[in-house]
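File shown: protein.txt (compact mmCIF, C-alpha atoms).
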```txt
# COMPACT_ATOMS: atom_id res chain seq x y z
CA MET F 44 -30.70 -56.53 3.55
CA ILE F 45 -31.58 -53.90 0.97
CA VAL F 46 -34.60 -51.79 1.97
CA THR F 47 -36.81 -51.35 -1.08
CA THR F 48 -39.97 -49.83 0.45
CA HIS F 49 -40.35 -47.75 3.60
CA SER F 50 -43.46 -45.86 4.68
CA ASP F 51 -45.18 -45.13 7.99
CA ASN F 52 -46.73 -48.62 7.96
CA VAL F 53 -44.65 -50.85 5.66
CA LEU F 54 -40.99 -51.71 5.36
CA CYS F 55 -39.92 -54.19 2.70
CA GLY F 56 -36.40 -55.48 2.34
CA THR F 57 -34.75 -58.07 0.13
CA SER F 58 -32.00 -60.50 1.07
CA GLY F 59 -30.80 -63.63 -0.69
CA GLY F 60 -33.77 -63.69 -3.05
CA ARG F 61 -36.27 -63.32 -0.22
CA CYS F 62 -38.64 -60.51 0.63
CA ILE F 63 -39.07 -59.55 4.29
CA TRP F 64 -41.88 -57.19 5.26
CA SER F 65 -42.39 -55.35 8.52
CA LEU F 66 -46.08 -54.48 8.85
CA SER F 67 -47.64 -52.15 11.38
CA ASP F 68 -50.78 -53.35 13.14
CA GLY F 69 -51.05 -50.14 15.16
CA TYR F 70 -49.89 -49.35 18.68
CA LEU F 71 -50.71 -49.78 22.37
CA ASP F 72 -50.45 -47.17 25.12
CA MET F 73 -49.49 -48.98 28.31
CA PRO F 74 -49.01 -47.84 31.94
CA ALA F 75 -45.48 -46.55 32.57
CA ASP F 76 -45.10 -48.60 35.75
CA LEU F 77 -45.07 -51.83 33.71
CA LEU F 78 -41.37 -51.36 33.01
CA ARG F 79 -39.58 -52.91 36.01
CA ASP F 80 -36.04 -53.01 37.35
CA ALA F 81 -34.26 -56.07 38.70
CA GLN F 82 -36.05 -55.60 42.06
CA ASN F 83 -39.43 -55.54 40.28
CA SER F 84 -39.89 -51.84 41.02
CA PRO F 85 -41.07 -49.26 38.45
CA VAL F 86 -38.24 -47.63 36.49
CA PRO F 87 -37.96 -43.88 37.28
CA GLN F 88 -36.97 -43.00 33.70
CA ALA F 89 -40.15 -44.62 32.41
CA MET F 90 -42.34 -43.00 35.06
CA GLN F 91 -41.55 -39.58 33.60
CA ALA F 92 -44.01 -40.44 30.81
CA GLU F 93 -47.77 -40.61 31.30
CA ALA F 94 -47.84 -43.82 29.25
CA LEU F 95 -45.52 -45.99 27.19
CA ARG F 96 -46.44 -46.30 23.53
CA LEU F 97 -45.63 -49.72 22.11
CA SER F 98 -45.52 -50.34 18.39
CA VAL F 99 -47.31 -53.52 17.32
CA ASN F 100 -45.49 -55.09 14.38
CA CYS F 101 -46.01 -58.24 12.33
CA PHE F 102 -43.72 -59.70 9.69
CA ALA F 103 -44.26 -61.45 6.37
CA LEU F 104 -41.79 -63.58 4.44
CA GLU F 105 -41.64 -64.74 0.87
CA GLY F 106 -38.92 -66.69 -0.90
CA PRO F 107 -38.43 -68.76 -4.02
CA GLY F 108 -40.12 -72.14 -3.77
CA THR F 109 -41.55 -71.55 -0.30
CA GLU F 110 -44.97 -70.79 1.06
CA ARG F 111 -45.69 -67.26 2.24
CA VAL F 112 -45.42 -66.93 5.99
CA LEU F 113 -46.82 -64.36 8.42
CA ILE F 114 -45.15 -64.03 11.82
CA ASP F 115 -47.78 -62.98 14.38
CA CYS F 116 -51.00 -61.35 13.23
CA GLY F 117 -51.66 -58.43 15.55
CA GLY F 118 -54.56 -57.67 17.81
CA GLY F 119 -57.63 -57.65 15.55
CA GLY F 120 -60.54 -56.24 17.50
CA TRP F 121 -58.87 -56.69 20.88
CA ALA F 122 -58.07 -52.97 21.28
CA PRO F 123 -59.11 -49.89 19.28
CA THR F 124 -55.55 -48.87 18.42
CA VAL F 125 -54.61 -52.20 16.78
CA GLY F 126 -56.24 -54.33 14.10
CA ARG F 127 -54.77 -52.43 11.14
CA LEU F 128 -52.93 -55.36 9.59
CA GLU F 129 -55.42 -55.92 6.76
CA GLN F 130 -55.06 -52.37 5.46
CA THR F 131 -51.29 -52.40 5.99
CA MET F 132 -50.95 -55.59 3.95
CA ALA F 133 -53.06 -54.02 1.23
CA GLU F 134 -50.68 -51.04 1.25
CA ALA F 135 -47.78 -53.51 0.92
CA ARG F 136 -49.62 -55.23 -1.97
CA ILE F 137 -49.56 -58.59 -0.16
CA ASP F 138 -52.41 -60.86 -1.18
CA LEU F 139 -53.96 -62.22 2.01
CA ALA F 140 -55.13 -65.29 0.10
CA LEU F 141 -51.51 -66.31 -0.54
CA ILE F 142 -50.53 -66.48 3.15
CA THR F 143 -50.72 -70.16 4.07
CA LEU F 144 -48.60 -70.36 7.24
CA LEU F 145 -48.87 -68.33 10.43
CA ALA F 146 -45.93 -68.58 12.85
CA LEU F 147 -46.85 -67.36 16.34
CA THR F 148 -44.32 -66.20 18.91
CA HIS F 149 -46.85 -66.61 21.74
CA THR F 150 -50.56 -66.31 22.45
CA HIS F 151 -51.04 -62.87 24.01
CA GLN F 152 -53.99 -61.08 22.42
CA ASP F 153 -51.94 -58.50 20.51
CA HIS F 154 -50.26 -61.36 18.64
CA VAL F 155 -53.13 -63.75 17.89
CA HIS F 156 -56.49 -61.95 17.86
CA GLY F 157 -55.69 -60.61 14.41
CA LEU F 158 -56.70 -64.01 13.04
CA LEU F 159 -60.04 -62.22 12.90
CA THR F 160 -60.43 -58.67 11.60
CA PRO F 161 -62.01 -56.08 13.93
CA ASP F 162 -65.36 -56.68 12.18
CA GLY F 163 -65.12 -60.46 12.70
CA ARG F 164 -63.94 -61.75 9.31
CA VAL F 165 -61.18 -64.35 8.91
CA LEU F 166 -58.04 -62.43 7.96
CA LEU F 167 -56.24 -65.26 6.13
CA PRO F 168 -58.78 -67.27 4.11
CA ASN F 169 -56.35 -69.95 2.87
CA LEU F 170 -54.40 -70.55 6.06
CA LYS F 171 -53.17 -74.15 6.27
CA ALA F 172 -51.25 -74.20 9.55
CA ILE F 173 -50.56 -72.17 12.68
CA MET F 174 -47.10 -72.82 14.08
CA ILE F 175 -47.05 -72.61 17.86
CA ALA F 176 -44.77 -73.83 20.64
CA GLU F 177 -45.99 -76.95 22.40
CA ALA F 178 -46.08 -75.08 25.72
CA ALA F 179 -48.38 -72.41 24.22
CA VAL F 180 -51.03 -74.76 22.86
CA GLU F 181 -53.00 -74.87 26.12
CA SER F 182 -53.45 -71.09 26.26
CA PHE F 183 -54.51 -71.00 22.60
CA LEU F 184 -57.12 -73.69 23.22
CA ALA F 185 -58.40 -71.75 26.21
CA ASP F 186 -59.18 -68.70 24.05
CA VAL F 187 -62.80 -69.23 22.97
CA HIS F 188 -62.48 -66.30 20.56
CA LEU F 189 -60.11 -68.44 18.46
CA ALA F 190 -61.96 -71.76 18.66
CA ARG F 191 -62.45 -72.08 14.88
CA PHE F 192 -58.68 -72.12 14.35
CA ARG F 193 -57.85 -74.98 16.70
CA PRO F 194 -57.66 -77.62 13.92
CA LEU F 195 -54.85 -75.64 12.27
CA LEU F 196 -52.45 -75.79 15.22
CA TRP F 197 -49.05 -77.27 14.45
CA PRO F 198 -46.94 -77.54 17.63
CA VAL F 199 -43.19 -77.00 17.20
CA ARG F 200 -40.15 -77.40 19.42
CA ASN F 201 -36.91 -75.48 19.78
CA GLY F 202 -34.81 -76.06 16.66
CA ASP F 203 -37.63 -77.30 14.43
CA GLN F 204 -37.53 -76.22 10.80
CA VAL F 205 -40.78 -74.43 10.08
CA ALA F 206 -40.67 -73.48 6.39
CA GLY F 207 -38.14 -72.32 3.83
CA GLY F 208 -35.20 -72.00 6.21
CA LEU F 209 -37.27 -70.57 9.05
CA LYS F 210 -36.36 -72.24 12.35
CA ALA F 211 -38.08 -72.05 15.75
CA ILE F 212 -35.93 -70.92 18.67
CA ALA F 213 -36.94 -70.93 22.34
CA LEU F 214 -36.92 -67.45 23.93
CA PRO F 215 -38.30 -68.16 27.41
CA GLY F 216 -39.47 -65.81 30.10
CA HIS F 217 -42.17 -63.59 28.64
CA ALA F 218 -44.98 -66.11 28.25
CA PRO F 219 -45.43 -69.89 28.30
CA GLY F 220 -43.94 -71.23 25.08
CA HIS F 221 -42.57 -67.87 23.94
CA ILE F 222 -40.48 -68.55 20.84
CA GLY F 223 -38.79 -66.68 18.04
CA TYR F 224 -37.84 -67.62 14.51
CA THR F 225 -34.46 -67.42 12.80
CA LEU F 226 -33.95 -67.05 9.07
CA ASP F 227 -30.66 -67.36 7.21
CA THR F 228 -30.82 -66.05 3.62
CA ASN F 229 -27.14 -66.78 2.89
CA GLU F 230 -26.66 -63.01 2.83
CA ASP F 231 -28.15 -62.02 6.19
CA ARG F 232 -29.36 -63.62 9.39
CA PHE F 233 -32.65 -62.52 10.94
CA LEU F 234 -34.18 -63.15 14.37
CA PHE F 235 -37.90 -62.47 14.76
CA PHE F 236 -38.06 -62.32 18.53
CA GLY F 237 -41.61 -61.45 19.56
CA ASP F 238 -41.68 -59.76 22.98
CA VAL F 239 -38.03 -59.87 24.03
CA VAL F 240 -38.18 -56.04 24.05
CA HIS F 241 -41.12 -53.79 24.95
CA VAL F 242 -39.50 -50.39 25.54
CA PRO F 243 -36.50 -50.14 23.21
CA ALA F 244 -35.63 -46.60 24.27
CA LEU F 245 -34.68 -47.93 27.72
CA GLN F 246 -34.14 -51.69 27.49
CA PHE F 247 -31.22 -51.61 25.05
CA GLY F 248 -29.38 -49.26 27.36
CA ASN F 249 -30.26 -51.43 30.34
CA PRO F 250 -31.29 -54.99 29.41
CA THR F 251 -32.07 -55.76 33.07
CA PHE F 252 -35.27 -53.72 32.74
CA SER F 253 -38.17 -56.15 32.32
CA TRP F 254 -41.87 -55.96 31.61
CA GLY F 255 -44.61 -56.30 34.19
CA TYR F 256 -46.40 -58.92 32.11
CA ASP F 257 -43.31 -61.12 31.76
CA ASP F 258 -44.22 -64.56 33.06
CA ASP F 259 -40.78 -64.96 34.68
CA GLN F 260 -38.80 -61.73 34.82
CA PRO F 261 -35.37 -63.22 35.70
CA ILE F 262 -35.59 -65.68 32.80
CA ALA F 263 -36.90 -62.99 30.44
CA ARG F 264 -33.99 -60.77 31.50
CA ALA F 265 -31.44 -63.51 30.81
CA THR F 266 -33.02 -64.21 27.42
CA ARG F 267 -32.87 -60.52 26.46
CA GLN F 268 -29.23 -60.20 27.48
CA LYS F 269 -28.29 -63.30 25.47
CA VAL F 270 -30.23 -62.10 22.41
CA PHE F 271 -28.51 -58.70 22.53
CA HIS F 272 -25.07 -60.22 22.99
CA ASP F 273 -25.46 -62.79 20.22
CA ALA F 274 -27.07 -60.37 17.76
CA ALA F 275 -24.37 -57.75 18.31
CA GLU F 276 -21.61 -60.32 17.86
CA ALA F 277 -23.09 -61.88 14.72
CA GLY F 278 -24.52 -58.77 13.07
CA THR F 279 -27.98 -60.33 13.09
CA TRP F 280 -30.99 -58.30 12.00
CA ILE F 281 -33.54 -58.29 14.82
CA ALA F 282 -37.26 -57.92 14.26
CA GLY F 283 -39.51 -57.34 17.25
CA ALA F 284 -43.22 -57.00 17.83
CA HIS F 285 -42.70 -53.87 19.94
CA LEU F 286 -39.55 -52.35 18.51
CA GLY F 287 -40.14 -48.78 17.43
CA TRP F 288 -41.05 -48.44 13.77
CA PRO F 289 -39.83 -49.81 11.38
CA GLY F 290 -39.53 -52.80 13.71
CA ILE F 291 -36.31 -54.18 12.18
CA GLY F 292 -32.75 -53.16 12.96
CA ARG F 293 -29.43 -54.19 14.43
CA VAL F 294 -27.97 -54.33 17.92
CA ALA F 295 -24.79 -52.31 18.55
CA ARG F 296 -22.54 -52.85 21.53
CA LYS F 297 -22.03 -49.66 23.57
CA GLY F 298 -19.63 -50.37 26.44
CA GLU F 299 -21.50 -52.51 28.96
CA ALA F 300 -24.82 -51.75 27.30
CA TYR F 301 -26.32 -51.83 23.81
CA GLY F 302 -27.89 -49.56 21.26
CA TYR F 303 -30.53 -50.14 18.60
CA GLU F 304 -29.98 -49.08 15.00
CA PRO F 305 -33.26 -49.16 12.99
CA ALA F 306 -33.16 -50.35 9.40
```

What is this file in structure tokens?
Amino acid sequence: MIVTTHSDNVLCGTSGGRCIWSLSDGYLDMPADLLRDAQNSPVPQAMQAEALRLSVNCFALEGPGTERVLIDCGGGGWAPTVGRLEQTMAEARIDLALITLLALTHTHQDHVHGLLTPDGRVLLPNLKAIMIAEAAVESFLADVHLARFRPLLWPVRNGDQVAGGLKAIALPGHAPGHIGYTLDTNEDRFLFFGDVVHVPALQFGNPTFSWGYDDDQPIARATRQKVFHDAAEAGTWIAGAHLGWPGIGRVARKGEAYGYEPA
């Protein structure tokens, strides 16, 4: 991937004739005791901070002959420190009207409430479909805030081709139906992995550290370890909702642990 634009809110790279954007939706300050060890106890290294600041990132894709895709859409009006995606996309010169597919990793509010801007407008006026794992449909339908978007749901399964080489991949443990998306550009391989990582400064060094909101911490831990191993072996670019800005990088093996190398 060749990085062509990099600011405090936008990274744009090109690979195999495709454009890949990382777009900041803002950040969340979360309690430090949400990072947990294998015994589900708070992690002392995290507790040294008053709070853990999580980046909130979304990703846009464009390629020849394919529809423009947005992966996750941020928090909208859910929290005062998120909901910046509209202005970030304007900074990136991405026309919101040209985004026709939204691929969700899961249905937590900081990933789906951005379907509506903080002032209540529809963010993507020409959206045709919302990709979502079958196991996540129930929680989407239960969110009254998103009722107008229910007819757009397009359930997918592990391995399904979504659009233009984008493939759904199951990444269980964090939330019901938590999935990622792989993209092979013939030059690079990308994995957009949602909430596999929340605190990169500590979880790459110790992948057994999990998140208090993980639906099943042992499964989430196993998923994270497999993602790190496979990405390090294959040289895959990883893109995560809560990776520190710019939200895209590579995994490097460091003895029995791993490191993160931002793009």

- Task: In Å, rounded to a single decimal, give me how far atom CA of F:Trp288 is from atom CA of F:Pro123.
- Result: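 Atom-to-atom, atom CA of F:Pro123 and atom CA of F:Trp288 are spaced 18.9 Å apart.
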
Considering only C-alpha atoms, give me a table of residues in stretch 243-303 of chain F that are at most 9 Å from stretch 70-88 of chain F, with the closest atom pair and distance in Å for each, as JSON lines.
```
{"residue": "F:Leu245", "atom": "CA", "partner": "F:Gln88", "partner_atom": "CA", "distance": 8.1}
{"residue": "F:Thr251", "atom": "CA", "partner": "F:Ala81", "partner_atom": "CA", "distance": 6.0}
{"residue": "F:Phe252", "atom": "CA", "partner": "F:Asp80", "partner_atom": "CA", "distance": 4.7}
{"residue": "F:Ser253", "atom": "CA", "partner": "F:Arg79", "partner_atom": "CA", "distance": 5.1}
{"residue": "F:Trp254", "atom": "CA", "partner": "F:Leu78", "partner_atom": "CA", "distance": 4.8}
{"residue": "F:Gly255", "atom": "CA", "partner": "F:Leu77", "partner_atom": "CA", "distance": 4.5}
{"residue": "F:Tyr256", "atom": "CA", "partner": "F:Leu77", "partner_atom": "CA", "distance": 7.4}
{"residue": "F:Gln260", "atom": "CA", "partner": "F:Ala81", "partner_atom": "CA", "distance": 8.2}
{"residue": "F:Pro261", "atom": "CA", "partner": "F:Ala81", "partner_atom": "CA", "distance": 7.8}
{"residue": "F:Arg264", "atom": "CA", "partner": "F:Ala81", "partner_atom": "CA", "distance": 8.6}
{"residue": "F:His285", "atom": "CA", "partner": "F:Tyr70", "partner_atom": "CA", "distance": 8.6}
```

Hey, can you spit out that residue selection with C-alpha atoms as a PDB file, in the frame of the given file?
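The new file part-v8.pdb reads:
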```
ATOM      1  CA  LEU F 245     -34.680 -47.930  27.720  1.00  0.00           C
ATOM      2  CA  THR F 251     -32.070 -55.760  33.070  1.00  0.00           C
ATOM      3  CA  PHE F 252     -35.270 -53.720  32.740  1.00  0.00           C
ATOM      4  CA  SER F 253     -38.170 -56.150  32.320  1.00  0.00           C
ATOM      5  CA  TRP F 254     -41.870 -55.960  31.610  1.00  0.00           C
ATOM      6  CA  GLY F 255     -44.610 -56.300  34.190  1.00  0.00           C
ATOM      7  CA  TYR F 256     -46.400 -58.920  32.110  1.00  0.00           C
ATOM      8  CA  GLN F 260     -38.800 -61.730  34.820  1.00  0.00           C
ATOM      9  CA  PRO F 261     -35.370 -63.220  35.700  1.00  0.00           C
ATOM     10  CA  ARG F 264     -33.990 -60.770  31.500  1.00  0.00           C
ATOM     11  CA  HIS F 285     -42.700 -53.870  19.940  1.00  0.00           C
TER      12      HIS F 285
END
```

- Pick from F:Asn169, F:Gln268, F:Thr150, F:Thr57: nearest to F:Glu230, with all atoms listed in the file counted? F:Thr57

- Item | Nearest residue to F:Val165 from the set F:Gly120, F:Gly207, F:Pro198, F:Gly60 (distances using all atoms listed in the file) | F:Gly120

Dump as a PDB file with C-alpha atoms, in the coordinates of the input all residues having an atom at most 7 Å from (-47.2, -52.6, 16.8), computed in the file's coordinates with all atoms listed in the file.
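New file result.pdb:
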```pdb
ATOM      1  CA  SER F  67     -47.640 -52.150  11.380  1.00  0.00           C
ATOM      2  CA  ASP F  68     -50.780 -53.350  13.140  1.00  0.00           C
ATOM      3  CA  GLY F  69     -51.050 -50.140  15.160  1.00  0.00           C
ATOM      4  CA  TYR F  70     -49.890 -49.350  18.680  1.00  0.00           C
ATOM      5  CA  LEU F  97     -45.630 -49.720  22.110  1.00  0.00           C
ATOM      6  CA  SER F  98     -45.520 -50.340  18.390  1.00  0.00           C
ATOM      7  CA  VAL F  99     -47.310 -53.520  17.320  1.00  0.00           C
ATOM      8  CA  ASN F 100     -45.490 -55.090  14.380  1.00  0.00           C
ATOM      9  CA  ALA F 284     -43.220 -57.000  17.830  1.00  0.00           C
ATOM     10  CA  HIS F 285     -42.700 -53.870  19.940  1.00  0.00           C
TER      11      HIS F 285
END
```

- Taking into account all atoms listed in the file, which residue in the set F:Val187, F:Ala140, F:Ala295, F:Ala306 is nearest to F:Trp64?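 Using all atoms listed in the file, F:Trp64 sits closest to F:Ala306.
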
- Query: With all atoms listed in the file as the basis for distance, which of F:Gly220, F:Gly118, F:Gly292, F:Pro215 is at the shortest distance from F:Arg200?
  - Reply: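 Nearest to F:Arg200: F:Gly220.
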
- Item | Two-atom distance - atom CA of F:His221, atom CA of F:Thr266 (Å) |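 Value for the atom CA of F:His221-atom CA of F:Thr266 distance: 10.8 Å.
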
- Task: Skip F:Asp153 itself and residues of its chain fewer than 6 positions away, then list as a PyMOL selection string all residues within 8 Å of it, counting all atoms listed in the file.
- Result: chain F and resi 99+116-119+121+125

Where atoms are lacking, stretch 168-187 of chain F completed to N, CA, C and O atoms, as a CSV table (one decimal), keeping the file's coordinate frame:
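In the end it all went to part15.csv:
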```
chain,number,residue,atom,x,y,z
F,168,PRO,N,-57.8,-66.3,4.5
F,168,PRO,CA,-58.8,-67.3,4.1
F,168,PRO,C,-58.2,-68.6,3.7
F,168,PRO,O,-58.9,-69.6,3.8
F,169,ASN,N,-56.9,-68.7,3.3
F,169,ASN,CA,-56.4,-70.0,2.9
F,169,ASN,C,-55.3,-70.5,3.8
F,169,ASN,O,-54.4,-71.2,3.4
F,170,LEU,N,-55.4,-70.1,5.1
F,170,LEU,CA,-54.4,-70.6,6.1
F,170,LEU,C,-54.4,-72.1,6.2
F,170,LEU,O,-55.5,-72.7,6.4
F,171,LYS,N,-53.3,-72.7,6.2
F,171,LYS,CA,-53.2,-74.2,6.3
F,171,LYS,C,-52.7,-74.6,7.6
F,171,LYS,O,-53.0,-75.7,8.1
F,172,ALA,N,-51.8,-73.8,8.3
F,172,ALA,CA,-51.2,-74.2,9.6
F,172,ALA,C,-50.9,-73.0,10.4
F,172,ALA,O,-50.5,-71.9,9.9
F,173,ILE,N,-51.0,-73.2,11.7
F,173,ILE,CA,-50.6,-72.2,12.7
F,173,ILE,C,-49.5,-72.8,13.5
F,173,ILE,O,-49.7,-73.7,14.3
F,174,MET,N,-48.2,-72.3,13.3
F,174,MET,CA,-47.1,-72.8,14.1
F,174,MET,C,-47.2,-72.2,15.5
F,174,MET,O,-47.4,-71.0,15.7
F,175,ILE,N,-46.9,-73.1,16.5
F,175,ILE,CA,-47.0,-72.6,17.9
F,175,ILE,C,-46.2,-73.5,18.7
F,175,ILE,O,-46.1,-74.7,18.4
F,176,ALA,N,-45.6,-73.0,19.7
F,176,ALA,CA,-44.8,-73.8,20.6
F,176,ALA,C,-45.7,-74.8,21.4
F,176,ALA,O,-46.8,-74.4,21.7
F,177,GLU,N,-45.2,-76.0,21.7
F,177,GLU,CA,-46.0,-77.0,22.4
F,177,GLU,C,-46.5,-76.4,23.7
F,177,GLU,O,-47.7,-76.6,24.1
F,178,ALA,N,-45.7,-75.6,24.4
F,178,ALA,CA,-46.1,-75.1,25.7
F,178,ALA,C,-47.1,-74.0,25.6
F,178,ALA,O,-47.7,-73.6,26.6
F,179,ALA,N,-47.4,-73.5,24.4
F,179,ALA,CA,-48.4,-72.4,24.2
F,179,ALA,C,-49.7,-72.9,23.7
F,179,ALA,O,-50.7,-72.2,23.7
F,180,VAL,N,-49.8,-74.2,23.4
F,180,VAL,CA,-51.0,-74.8,22.9
F,180,VAL,C,-52.2,-74.6,23.8
F,180,VAL,O,-53.3,-74.3,23.5
F,181,GLU,N,-51.9,-74.9,25.1
F,181,GLU,CA,-53.0,-74.9,26.1
F,181,GLU,C,-53.7,-73.5,26.2
F,181,GLU,O,-54.9,-73.4,26.2
F,182,SER,N,-52.9,-72.4,26.2
F,182,SER,CA,-53.4,-71.1,26.3
F,182,SER,C,-54.2,-70.7,25.0
F,182,SER,O,-55.2,-70.0,25.0
F,183,PHE,N,-53.8,-71.2,23.8
F,183,PHE,CA,-54.5,-71.0,22.6
F,183,PHE,C,-55.9,-71.7,22.7
F,183,PHE,O,-56.9,-71.1,22.3
F,184,LEU,N,-55.9,-72.9,23.1
F,184,LEU,CA,-57.1,-73.7,23.2
F,184,LEU,C,-58.1,-73.1,24.2
F,184,LEU,O,-59.3,-73.2,24.1
F,185,ALA,N,-57.5,-72.4,25.2
F,185,ALA,CA,-58.4,-71.8,26.2
F,185,ALA,C,-59.1,-70.5,25.7
F,185,ALA,O,-60.0,-70.0,26.4
F,186,ASP,N,-58.6,-69.9,24.6
F,186,ASP,CA,-59.2,-68.7,24.0
F,186,ASP,C,-60.4,-69.0,23.2
F,186,ASP,O,-60.2,-69.4,22.0
F,187,VAL,N,-61.6,-68.9,23.7
F,187,VAL,CA,-62.8,-69.2,23.0
F,187,VAL,C,-62.9,-68.4,21.7
F,187,VAL,O,-63.5,-68.9,20.7
```
